[in-house]
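Student: This is the structure I want to talk about, given as structure tokens.
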Amino acid sequence: FLAEPKRGAHAGEALCDPTPDRVERVIASAGPALRMVTLAPERAGALEAISRFAASGAVVAAGHSLATLAQLREAIPRGLSFVTHVGNASDWPSRPFDAQAGFRRSEPNVVGAFLVERQLRGSVILDGHHLHPELARALVELRGPEAVALVSDSTPAAGLPPGRYRMGGLDAEIRAEGYATTGESLAGSVVTLLDCVRAAVRLAGIPLATALRMASATPAAVLGLSGKKGSLLAGADADLLLLGPELELEAVYRMGVQVRAAAGRSGR
């Protein structure tokens, strides 16, 4: 349900309008696993689709879209509440500063809507390639960490060395600079969410406490999981990372049980 000019690494032959039949098939197939849907609000049938997805309990997001501010404002009362990958450079490298991240004529687009519509929250990929770190800092300063979630957009090739891989039916290459490309577009990231936290602090100059909130409490709130995920509260899932002073990973806990310790550290 994405816009063709903004499809990025998604297969063009898979693009289609969100007809009622297609929407119902997605909802029925996914069941309770359906937590978020990203679509282009300007596609035919999108407003009705937004209403139906929102009624099913899914968070509905605008992304890979050339929608105008007016179109976003029409979609918000239907249930649109999120912007996927704000400022994402999905048509890199031909135009490094993505059209979604700028403005067309005098009409603000998806990013413009995120800046002015306070009920919208959004995600950013801070891997040093999808969004300029200084723009990320500006978004956080304008909208606040409660409105900006850090996401990795990681692919199955995350953590693998440079080389060519098959991902999602597409041939992609991981470059030594730390990104994946199909040759025409970025193809997701190859970083972890912890890498994004480090980039937020080291490249964007975002305070550590703010970056940690953007990677934990904010996405939990977006998905309606506050009190269960993303916080250190009684009754919450004790899924934790123990970090060292340089943000190095020292241990991983799953439901309160240590499942990984860094070399030289004993389990607790």
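Just remember, in the structure tokens the first chain shown is A, the second B, etc., residues are 1-based per chain, and ligands are 1-based in the order shown.
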Residues of region 102-231 of chain A in strand (DSSP E) according to DSSP, as a PyMOL selection string?
Tutor: chain A and resi 121-125+148-151+163-167+170-175+179-181
Student: With N, CA and C atoms kept, could you save the residues just selected as a CSV table (one decimal), in the first residue's frame?
Tutor:
chain,number,residue,atom,x,y,z
A,121,ARG,N,3.1,10.8,16.1
A,121,ARG,CA,4.4,10.4,16.6
A,121,ARG,C,5.1,9.8,15.4
A,122,GLY,N,6.4,9.6,15.5
A,122,GLY,CA,7.1,9.0,14.4
A,122,GLY,C,8.4,8.3,14.8
A,123,SER,N,9.0,7.6,13.8
A,123,SER,CA,10.2,6.9,14.1
A,123,SER,C,11.4,7.4,13.2
A,124,VAL,N,12.6,7.3,13.7
A,124,VAL,CA,13.8,7.7,13.0
A,124,VAL,C,14.8,6.5,13.0
A,125,ILE,N,15.5,6.4,11.9
A,125,ILE,CA,16.6,5.4,11.8
A,125,ILE,C,17.9,6.1,11.9
A,148,VAL,N,9.2,10.9,19.3
A,148,VAL,CA,10.2,10.4,18.3
A,148,VAL,C,10.8,9.1,18.9
A,149,ALA,N,10.5,8.0,18.2
A,149,ALA,CA,11.0,6.7,18.5
A,149,ALA,C,12.2,6.3,17.7
A,150,LEU,N,13.2,5.7,18.4
A,150,LEU,CA,14.3,5.2,17.6
A,150,LEU,C,13.9,3.8,17.1
A,151,VAL,N,14.2,3.5,15.9
A,151,VAL,CA,14.1,2.1,15.3
A,151,VAL,C,15.3,1.8,14.5
A,163,GLY,N,29.4,-7.5,1.8
A,163,GLY,CA,29.2,-8.6,0.8
A,163,GLY,C,27.8,-8.5,0.2
A,164,ARG,N,27.5,-9.4,-0.7
A,164,ARG,CA,26.2,-9.5,-1.3
A,164,ARG,C,25.4,-10.6,-0.7
A,165,TYR,N,24.1,-10.2,-0.5
A,165,TYR,CA,23.2,-11.1,0.2
A,165,TYR,C,21.8,-11.1,-0.5
A,166,ARG,N,21.0,-12.1,-0.2
A,166,ARG,CA,19.6,-12.1,-0.7
A,166,ARG,C,18.7,-11.8,0.5
A,167,MET,N,18.0,-10.7,0.4
A,167,MET,CA,17.1,-10.3,1.5
A,167,MET,C,15.7,-9.9,1.0
A,170,LEU,N,15.2,-9.8,-2.7
A,170,LEU,CA,16.0,-8.8,-3.4
A,170,LEU,C,17.5,-9.1,-3.2
A,171,ASP,N,18.3,-8.8,-4.2
A,171,ASP,CA,19.8,-8.9,-4.1
A,171,ASP,C,20.2,-7.6,-3.5
A,172,ALA,N,21.0,-7.6,-2.5
A,172,ALA,CA,21.4,-6.4,-1.8
A,172,ALA,C,22.9,-6.6,-1.4
A,173,GLU,N,23.5,-5.5,-1.3
A,173,GLU,CA,25.0,-5.4,-0.9
A,173,GLU,C,25.2,-4.7,0.4
A,174,ILE,N,25.9,-5.2,1.3
A,174,ILE,CA,26.3,-4.5,2.5
A,174,ILE,C,27.6,-3.9,2.2
A,175,ARG,N,27.7,-2.5,2.3
A,175,ARG,CA,28.9,-1.8,2.0
A,175,ARG,C,29.7,-1.6,3.2
A,179,TYR,N,26.0,0.2,5.4
A,179,TYR,CA,24.6,0.3,5.0
A,179,TYR,C,24.4,-0.8,3.9
A,180,ALA,N,23.1,-1.1,3.7
A,180,ALA,CA,22.8,-2.1,2.7
A,180,ALA,C,22.1,-1.3,1.5
A,181,THR,N,22.4,-1.7,0.3
A,181,THR,CA,21.8,-1.1,-0.9
A,181,THR,C,21.5,-2.1,-2.0
Student: Just give me the gap between CA of Pro20 (chain A) and CA of Val110 (chain A) in Å, one decimal is fine.
Tutor: 24.1 Å
Student: So which residues of region 133-216 of chain A fall under helix (DSSP H, G or I) by DSSP, listed as a list in words?
Tutor: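 Selecting the helix (DSSP H, G or I) positions of region 133-216 of chain A gives Pro133, Glu134, Leu135, Ala136, Arg137, Ala138, Leu139, Val140, Glu141, Leu142, Arg143, Leu193, Leu194, Asp195, Cys196, Val197, Arg198, Ala199, Ala200, Val201, Arg202, Leu208, Ala209, Thr210, Ala211, Leu212, Arg213, Met214 and Ala215 of chain A.
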Student: For Ala46 (chain A), work out the shell of residues within 12 Å, counting only C-alpha atoms and skipping chain neighbours fewer than 5 positions away, then give it as a PyMOL selection string.
Tutor: chain A and resi 1-3+16-20+22-23+37-41+51-54+60-62+65+67+71-72+74-76+78-80
Student: Atoms to include: N, CA and C atoms. Write the selected residues as a tab-separated table (two decimals), in the first residue's frame.
Tutor:
chain	number	residue	atom	x	y	z
A	1	PHE	N	0.82	-1.21	0.00
A	1	PHE	CA	0.00	0.00	0.00
A	1	PHE	C	0.86	1.26	0.00
A	2	LEU	N	2.05	1.18	-0.62
A	2	LEU	CA	3.01	2.28	-0.63
A	2	LEU	C	2.96	3.01	-1.97
A	3	ALA	N	3.53	4.22	-2.00
A	3	ALA	CA	3.57	5.02	-3.22
A	3	ALA	C	4.74	4.57	-4.09
A	16	CYS	N	0.04	-2.00	-4.42
A	16	CYS	CA	-1.38	-2.03	-4.80
A	16	CYS	C	-2.16	-1.09	-3.89
A	17	ASP	N	-3.40	-0.83	-4.26
A	17	ASP	CA	-4.26	0.01	-3.43
A	17	ASP	C	-4.85	-0.82	-2.29
A	18	PRO	N	-5.12	-0.20	-1.16
A	18	PRO	CA	-5.69	-0.92	-0.02
A	18	PRO	C	-7.21	-1.07	-0.16
A	19	THR	N	-7.63	-1.96	-1.04
A	19	THR	CA	-9.06	-2.20	-1.22
A	19	THR	C	-9.64	-2.88	0.03
A	20	PRO	N	-10.94	-2.79	0.24
A	20	PRO	CA	-11.53	-3.44	1.43
A	20	PRO	C	-11.19	-4.92	1.51
A	22	ARG	N	-8.51	-6.52	0.33
A	22	ARG	CA	-7.11	-6.69	0.71
A	22	ARG	C	-6.89	-6.37	2.18
A	23	VAL	N	-7.54	-5.32	2.65
A	23	VAL	CA	-7.40	-4.93	4.05
A	23	VAL	C	-7.93	-6.04	4.96
A	37	VAL	N	0.63	-0.83	10.82
A	37	VAL	CA	0.54	-0.88	9.36
A	37	VAL	C	1.06	0.44	8.81
A	38	THR	N	1.95	0.36	7.83
A	38	THR	CA	2.44	1.56	7.15
A	38	THR	C	1.85	1.59	5.74
A	39	LEU	N	1.30	2.73	5.37
A	39	LEU	CA	0.73	2.89	4.03
A	39	LEU	C	0.89	4.33	3.58
A	40	ALA	N	0.63	4.54	2.29
A	40	ALA	CA	0.65	5.89	1.71
A	40	ALA	C	-0.78	6.42	1.74
A	41	PRO	N	-1.08	7.44	2.53
A	41	PRO	CA	-2.46	7.90	2.67
A	41	PRO	C	-3.08	8.46	1.39
A	51	SER	N	-9.24	3.71	8.63
A	51	SER	CA	-10.31	3.52	9.61
A	51	SER	C	-10.43	2.06	10.02
A	52	ARG	N	-10.35	1.16	9.05
A	52	ARG	CA	-10.53	-0.27	9.34
A	52	ARG	C	-9.34	-0.81	10.13
A	53	PHE	N	-8.13	-0.45	9.73
A	53	PHE	CA	-6.95	-0.93	10.46
A	53	PHE	C	-6.97	-0.40	11.90
A	54	ALA	N	-7.30	0.88	12.07
A	54	ALA	CA	-7.34	1.46	13.41
A	54	ALA	C	-8.40	0.76	14.26
A	60	VAL	N	-1.72	2.89	12.86
A	60	VAL	CA	-1.66	3.16	11.42
A	60	VAL	C	-0.68	4.30	11.18
A	61	ALA	N	0.28	4.03	10.28
A	61	ALA	CA	1.36	4.98	10.03
A	61	ALA	C	1.41	5.37	8.56
A	62	ALA	N	1.84	6.60	8.32
A	62	ALA	CA	2.13	7.07	6.97
A	62	ALA	C	3.60	6.86	6.69
A	65	SER	N	5.57	7.65	1.24
A	65	SER	CA	4.40	8.40	0.80
A	65	SER	C	4.79	9.78	0.27
A	67	ALA	N	2.21	12.04	0.29
A	67	ALA	CA	1.01	12.74	0.74
A	67	ALA	C	1.32	14.17	1.15
A	71	GLN	N	-3.67	16.06	2.88
A	71	GLN	CA	-4.06	14.65	2.87
A	71	GLN	C	-3.79	14.00	4.21
A	72	LEU	N	-2.69	14.35	4.86
A	72	LEU	CA	-2.42	13.81	6.20
A	72	LEU	C	-3.48	14.27	7.19
A	74	GLU	N	-6.50	14.94	6.60
A	74	GLU	CA	-7.73	14.20	6.34
A	74	GLU	C	-7.65	12.79	6.92
A	75	ALA	N	-6.44	12.25	6.97
A	75	ALA	CA	-6.26	10.88	7.44
A	75	ALA	C	-6.22	10.77	8.97
A	76	ILE	N	-5.76	11.81	9.64
A	76	ILE	CA	-5.60	11.74	11.09
A	76	ILE	C	-6.91	11.43	11.82
A	78	ARG	N	-9.26	9.71	10.84
A	78	ARG	CA	-9.61	8.33	10.52
A	78	ARG	C	-8.82	7.33	11.37
A	79	GLY	N	-7.75	7.79	12.00
A	79	GLY	CA	-6.96	6.90	12.84
A	79	GLY	C	-5.48	6.89	12.57
A	80	LEU	N	-5.00	7.69	11.61
A	80	LEU	CA	-3.56	7.78	11.36
A	80	LEU	C	-2.90	8.46	12.56
Student: Under the rule that only C-alpha atoms are counted, which of A:Gly31, A:Pro156, A:Pro207, A:Gly188 is the nearest residue to Val140 (chain A)?
Tutor: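 Among the listed residues, the smallest separation from Val140 (chain A) belongs to A:Pro207.
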Student: Would you kindly return, as a PyMOL selection string, each protein, DNA or RNA residue with an atom no farther than 12 Å from any atom of Leu208 (chain A), considering only C-alpha atoms and excluding same-chain residues fewer than 6 positions away?
Tutor: chain A and resi 145+194+196-202+214-215+243+245-247
Student: Leaving out Asp127 (chain A) and any residue of its chain fewer than 4 positions from it, which residues lie within 8 Å of it when counting only C-alpha atoms, given as a list of chain:residue names?
Tutor: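 Returned residues: A:Leu131, A:Ser152, A:Ser189, A:Val191, A:Asp195, A:Cys196, A:Ala199.
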Student: Take the selection from the previous step and output its residues with N, CA, C and O atoms, as a compact mmCIF listing (two decimals), in the first residue's frame.
Tutor:
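Result saved to selection.txt:
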# COMPACT_ATOMS: atom_id res chain seq x y z
N LEU A 131 19.09 9.15 7.90
CA LEU A 131 18.70 10.49 8.32
C LEU A 131 19.93 11.18 8.90
O LEU A 131 20.64 10.58 9.72
N SER A 152 15.61 0.50 14.42
CA SER A 152 16.82 0.09 13.69
C SER A 152 16.55 -0.13 12.21
O SER A 152 17.43 0.06 11.38
N SER A 189 18.57 -1.24 7.23
CA SER A 189 19.85 -0.97 7.89
C SER A 189 20.54 -2.27 8.25
O SER A 189 19.97 -3.36 8.14
N VAL A 191 22.27 -2.28 11.35
CA VAL A 191 22.65 -1.94 12.71
C VAL A 191 21.63 -2.49 13.69
O VAL A 191 20.53 -2.89 13.31
N ASP A 195 23.08 0.25 18.47
CA ASP A 195 23.89 1.09 17.59
C ASP A 195 23.21 2.45 17.36
O ASP A 195 23.87 3.48 17.30
N CYS A 196 21.89 2.44 17.23
CA CYS A 196 21.16 3.69 17.01
C CYS A 196 21.22 4.59 18.24
O CYS A 196 21.31 5.81 18.13
N ALA A 199 24.57 6.16 18.13
CA ALA A 199 24.62 7.22 17.12
C ALA A 199 23.87 8.45 17.59
O ALA A 199 24.30 9.58 17.33
Student: Return the single residue from A:Ser29, A:Thr155, A:Ser185, A:Thr68 that is closest to Pro108 (chain A), with distances computed using only C-alpha atoms.
Tutor: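 Closest to Pro108 (chain A), using only C-alpha atoms: A:Thr68.
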Student: Please compute the CA of Ala220 (chain A)-CA of Ala30 (chain A) distance, one decimal, in Å.
Tutor: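 Going from CA of Ala220 (chain A) over to CA of Ala30 (chain A), I get 20.0 Å.
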Student: Leu115 (chain A): which residues within 12 Å, counting only C-alpha atoms, same-chain residues fewer than 3 positions away excluded, as an MDAnalysis selection string?
Tutor: chainID A and resid 69 72 82:83 86:87 101:103 108:112 118:122 138:144 147:148
Student: Just the selected residues (N, CA and C atoms), exported as an mmCIF file, in the first residue's frame, please.
Tutor:
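The new file selection_5.cif reads:
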data_model
loop_
_atom_site.group_PDB
_atom_site.id
_atom_site.type_symbol
_atom_site.label_atom_id
_atom_site.label_comp_id
_atom_site.auth_asym_id
_atom_site.auth_seq_id
_atom_site.Cartn_x
_atom_site.Cartn_y
_atom_site.Cartn_z
ATOM 1 N N LEU A 69 0.268 17.786 3.301
ATOM 2 C CA LEU A 69 -0.237 18.097 4.642
ATOM 3 C C LEU A 69 -1.755 17.976 4.673
ATOM 4 N N LEU A 72 -2.694 14.349 4.864
ATOM 5 C CA LEU A 72 -2.420 13.807 6.200
ATOM 6 C C LEU A 72 -3.476 14.272 7.191
ATOM 7 N N PHE A 82 0.883 7.931 13.246
ATOM 8 C CA PHE A 82 2.328 7.712 13.265
ATOM 9 C C PHE A 82 2.914 7.991 11.885
ATOM 10 N N VAL A 83 4.216 8.322 11.872
ATOM 11 C CA VAL A 83 4.962 8.483 10.626
ATOM 12 C C VAL A 83 6.142 7.523 10.667
ATOM 13 N N VAL A 86 10.755 8.893 9.666
ATOM 14 C CA VAL A 86 10.693 10.316 9.316
ATOM 15 C C VAL A 86 11.977 10.734 8.601
ATOM 16 N N GLY A 87 11.822 11.336 7.423
ATOM 17 C CA GLY A 87 12.971 11.828 6.679
ATOM 18 C C GLY A 87 13.798 10.755 6.031
ATOM 19 N N ALA A 101 11.772 14.253 3.004
ATOM 20 C CA ALA A 101 12.356 15.019 4.098
ATOM 21 C C ALA A 101 12.315 16.515 3.837
ATOM 22 N N GLY A 102 11.977 16.925 2.616
ATOM 23 C CA GLY A 102 11.921 18.347 2.302
ATOM 24 C C GLY A 102 10.492 18.807 2.090
ATOM 25 N N PHE A 103 10.293 19.750 1.212
ATOM 26 C CA PHE A 103 8.968 20.280 0.964
ATOM 27 C C PHE A 103 8.758 20.464 -0.536
ATOM 28 N N PRO A 108 3.522 21.558 2.556
ATOM 29 C CA PRO A 108 4.309 20.615 3.357
ATOM 30 C C PRO A 108 3.859 19.181 3.088
ATOM 31 N N ASN A 109 4.791 18.240 3.207
ATOM 32 C CA ASN A 109 4.457 16.844 2.968
ATOM 33 C C ASN A 109 4.455 16.058 4.271
ATOM 34 N N VAL A 110 4.849 14.787 4.225
ATOM 35 C CA VAL A 110 4.724 13.929 5.407
ATOM 36 C C VAL A 110 5.561 14.448 6.571
ATOM 37 N N VAL A 111 6.793 14.835 6.302
ATOM 38 C CA VAL A 111 7.634 15.358 7.378
ATOM 39 C C VAL A 111 7.077 16.687 7.885
ATOM 40 N N GLY A 112 6.582 17.514 6.975
ATOM 41 C CA GLY A 112 5.964 18.766 7.397
ATOM 42 C C GLY A 112 4.785 18.516 8.307
ATOM 43 N N ARG A 118 0.690 17.810 16.203
ATOM 44 C CA ARG A 118 1.254 17.323 17.456
ATOM 45 C C ARG A 118 0.738 15.943 17.859
ATOM 46 N N GLN A 119 -0.383 15.512 17.284
ATOM 47 C CA GLN A 119 -0.889 14.186 17.646
ATOM 48 C C GLN A 119 -0.151 13.068 16.932
ATOM 49 N N LEU A 120 0.672 13.409 15.939
ATOM 50 C CA LEU A 120 1.459 12.407 15.240
ATOM 51 C C LEU A 120 2.756 12.124 15.992
ATOM 52 N N ARG A 121 3.072 10.847 16.122
ATOM 53 C CA ARG A 121 4.393 10.439 16.558
ATOM 54 C C ARG A 121 5.098 9.777 15.377
ATOM 55 N N GLY A 122 6.410 9.579 15.499
ATOM 56 C CA GLY A 122 7.133 9.016 14.365
ATOM 57 C C GLY A 122 8.400 8.315 14.793
ATOM 58 N N ALA A 138 17.275 17.912 15.691
ATOM 59 C CA ALA A 138 16.307 18.996 15.539
ATOM 60 C C ALA A 138 14.876 18.486 15.702
ATOM 61 N N LEU A 139 14.590 17.302 15.173
ATOM 62 C CA LEU A 139 13.257 16.726 15.326
ATOM 63 C C LEU A 139 12.944 16.474 16.794
ATOM 64 N N VAL A 140 13.932 15.958 17.525
ATOM 65 C CA VAL A 140 13.722 15.669 18.945
ATOM 66 C C VAL A 140 13.548 16.968 19.726
ATOM 67 N N GLU A 141 14.335 17.975 19.398
ATOM 68 C CA GLU A 141 14.215 19.250 20.099
ATOM 69 C C GLU A 141 12.863 19.902 19.841
ATOM 70 N N LEU A 142 12.328 19.714 18.627
ATOM 71 C CA LEU A 142 11.045 20.336 18.284
ATOM 72 C C LEU A 142 9.863 19.567 18.853
ATOM 73 N N ARG A 143 9.886 18.244 18.735
ATOM 74 C CA ARG A 143 8.720 17.442 19.093
ATOM 75 C C ARG A 143 8.850 16.741 20.446
ATOM 76 N N GLY A 144 10.084 16.575 20.946
ATOM 77 C CA GLY A 144 10.274 15.910 22.225
ATOM 78 C C GLY A 144 10.464 14.415 22.067
ATOM 79 N N ALA A 147 7.674 11.845 21.319
ATOM 80 C CA ALA A 147 7.062 11.785 19.990
ATOM 81 C C ALA A 147 7.969 11.136 18.955
ATOM 82 N N VAL A 148 9.240 10.902 19.301
ATOM 83 C CA VAL A 148 10.198 10.375 18.327
ATOM 84 C C VAL A 148 10.772 9.060 18.850
#
Student: Can you work out which one of A:Leu126, A:Gly169, A:Val59, A:Gly227 has the shortest atom-to-atom distance to Ala211 (chain A), counting only C-alpha atoms?
Tutor: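 The closest residue to Ala211 (chain A) is A:Leu126.
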Student: Which of these, A:Asp153, A:Glu42, A:Glu48, A:Glu184, has the shortest distance to Asp21 (chain A) once you count only C-alpha atoms?
Tutor: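 Once distances to Asp21 (chain A) are computed over only C-alpha atoms, the minimum belongs to A:Glu48.
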Student: So that I can check the surroundings of Lys229 (chain A), please list as a list in words every protein, DNA and RNA residue that reaches within 9 Å of it, counting only C-alpha atoms and ignoring chain neighbours fewer than 3 positions away.
Tutor: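 Counting only the stated atoms, we get Ser216, Ala217, Pro219, Ala220, Ala221, Leu225, Ser226, Leu232, Ala236, Asp237, Ala238 and Asp239 of chain A.
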Student: Can those selected residues be exported to a file as a CSV table (one decimal), in the first residue's frame so that it contains all heavy atoms?
Tutor:
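Result written to out-v3.csv:
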chain,number,residue,atom,x,y,z
A,216,SER,N,13.1,2.9,24.1
A,216,SER,CA,12.4,2.0,25.0
A,216,SER,C,11.0,2.5,25.4
A,216,SER,O,10.0,2.0,24.8
A,216,SER,CB,13.2,1.9,26.3
A,216,SER,OG,13.5,3.1,26.9
A,217,ALA,N,10.9,3.5,26.2
A,217,ALA,CA,9.6,4.0,26.6
A,217,ALA,C,8.7,4.5,25.5
A,217,ALA,O,7.5,4.2,25.5
A,217,ALA,CB,9.7,5.0,27.7
A,219,PRO,N,8.7,3.8,22.0
A,219,PRO,CA,8.1,2.8,21.2
A,219,PRO,C,7.1,1.9,22.0
A,219,PRO,O,6.1,1.5,21.4
A,219,PRO,CB,9.2,2.0,20.7
A,219,PRO,CG,10.4,2.3,21.5
A,219,PRO,CD,10.2,3.7,22.0
A,220,ALA,N,7.3,1.7,23.2
A,220,ALA,CA,6.3,0.9,24.0
A,220,ALA,C,5.0,1.7,24.1
A,220,ALA,O,3.9,1.1,24.0
A,220,ALA,CB,6.9,0.7,25.4
A,221,ALA,N,5.1,3.0,24.3
A,221,ALA,CA,3.9,3.8,24.4
A,221,ALA,C,3.2,3.8,23.0
A,221,ALA,O,1.9,3.7,23.0
A,221,ALA,CB,4.2,5.2,24.8
A,225,LEU,N,2.1,-0.5,25.0
A,225,LEU,CA,2.7,-1.5,25.9
A,225,LEU,C,3.3,-0.8,27.1
A,225,LEU,O,4.1,-1.5,27.8
A,225,LEU,CB,3.7,-2.3,25.1
A,225,LEU,CG,3.2,-3.2,24.0
A,225,LEU,CD1,4.3,-3.8,23.2
A,225,LEU,CD2,2.2,-4.2,24.5
A,226,SER,N,3.0,0.4,27.4
A,226,SER,CA,3.6,1.1,28.6
A,226,SER,C,3.2,0.3,29.8
A,226,SER,O,2.1,-0.1,30.0
A,226,SER,CB,3.1,2.5,28.7
A,226,SER,OG,3.6,3.3,27.6
A,232,LEU,N,11.4,0.3,33.8
A,232,LEU,CA,11.8,-0.4,35.0
A,232,LEU,C,10.7,-0.3,36.0
A,232,LEU,O,10.9,0.6,37.0
A,232,LEU,CB,13.2,0.0,35.5
A,232,LEU,CG,14.3,-0.3,34.5
A,232,LEU,CD1,15.6,0.4,35.1
A,232,LEU,CD2,14.6,-1.8,34.4
A,236,ALA,N,6.6,-5.1,35.0
A,236,ALA,CA,7.0,-5.0,33.6
A,236,ALA,C,7.9,-6.2,33.3
A,236,ALA,O,8.5,-6.8,34.1
A,236,ALA,CB,7.7,-3.7,33.4
A,237,ASP,N,8.0,-6.5,32.0
A,237,ASP,CA,8.9,-7.5,31.5
A,237,ASP,C,10.3,-7.1,31.8
A,237,ASP,O,10.7,-6.0,31.3
A,237,ASP,CB,8.7,-7.8,30.0
A,237,ASP,CG,7.4,-8.5,29.7
A,237,ASP,OD1,6.7,-9.0,30.7
A,237,ASP,OD2,7.0,-8.5,28.6
A,238,ALA,N,11.1,-7.9,32.4
A,238,ALA,CA,12.5,-7.5,32.8
A,238,ALA,C,13.4,-7.9,31.7
A,238,ALA,O,14.3,-8.7,31.8
A,238,ALA,CB,12.9,-8.2,34.1
A,239,ASP,N,13.2,-7.2,30.5
A,239,ASP,CA,14.1,-7.4,29.4
A,239,ASP,C,15.1,-6.2,29.4
A,239,ASP,O,14.7,-5.1,29.1
A,239,ASP,CB,13.3,-7.4,28.1
A,239,ASP,CG,12.3,-8.6,28.0
A,239,ASP,OD1,12.6,-9.6,28.7
A,239,ASP,OD2,11.4,-8.4,27.2
Student: Give the answer as one residue: which of A:Ser81, A:Ser231, A:Ser154, A:Gln258 has the shortest atom-to-atom distance to Val190 (chain A), using only C-alpha atoms?
Tutor: A:Ser154
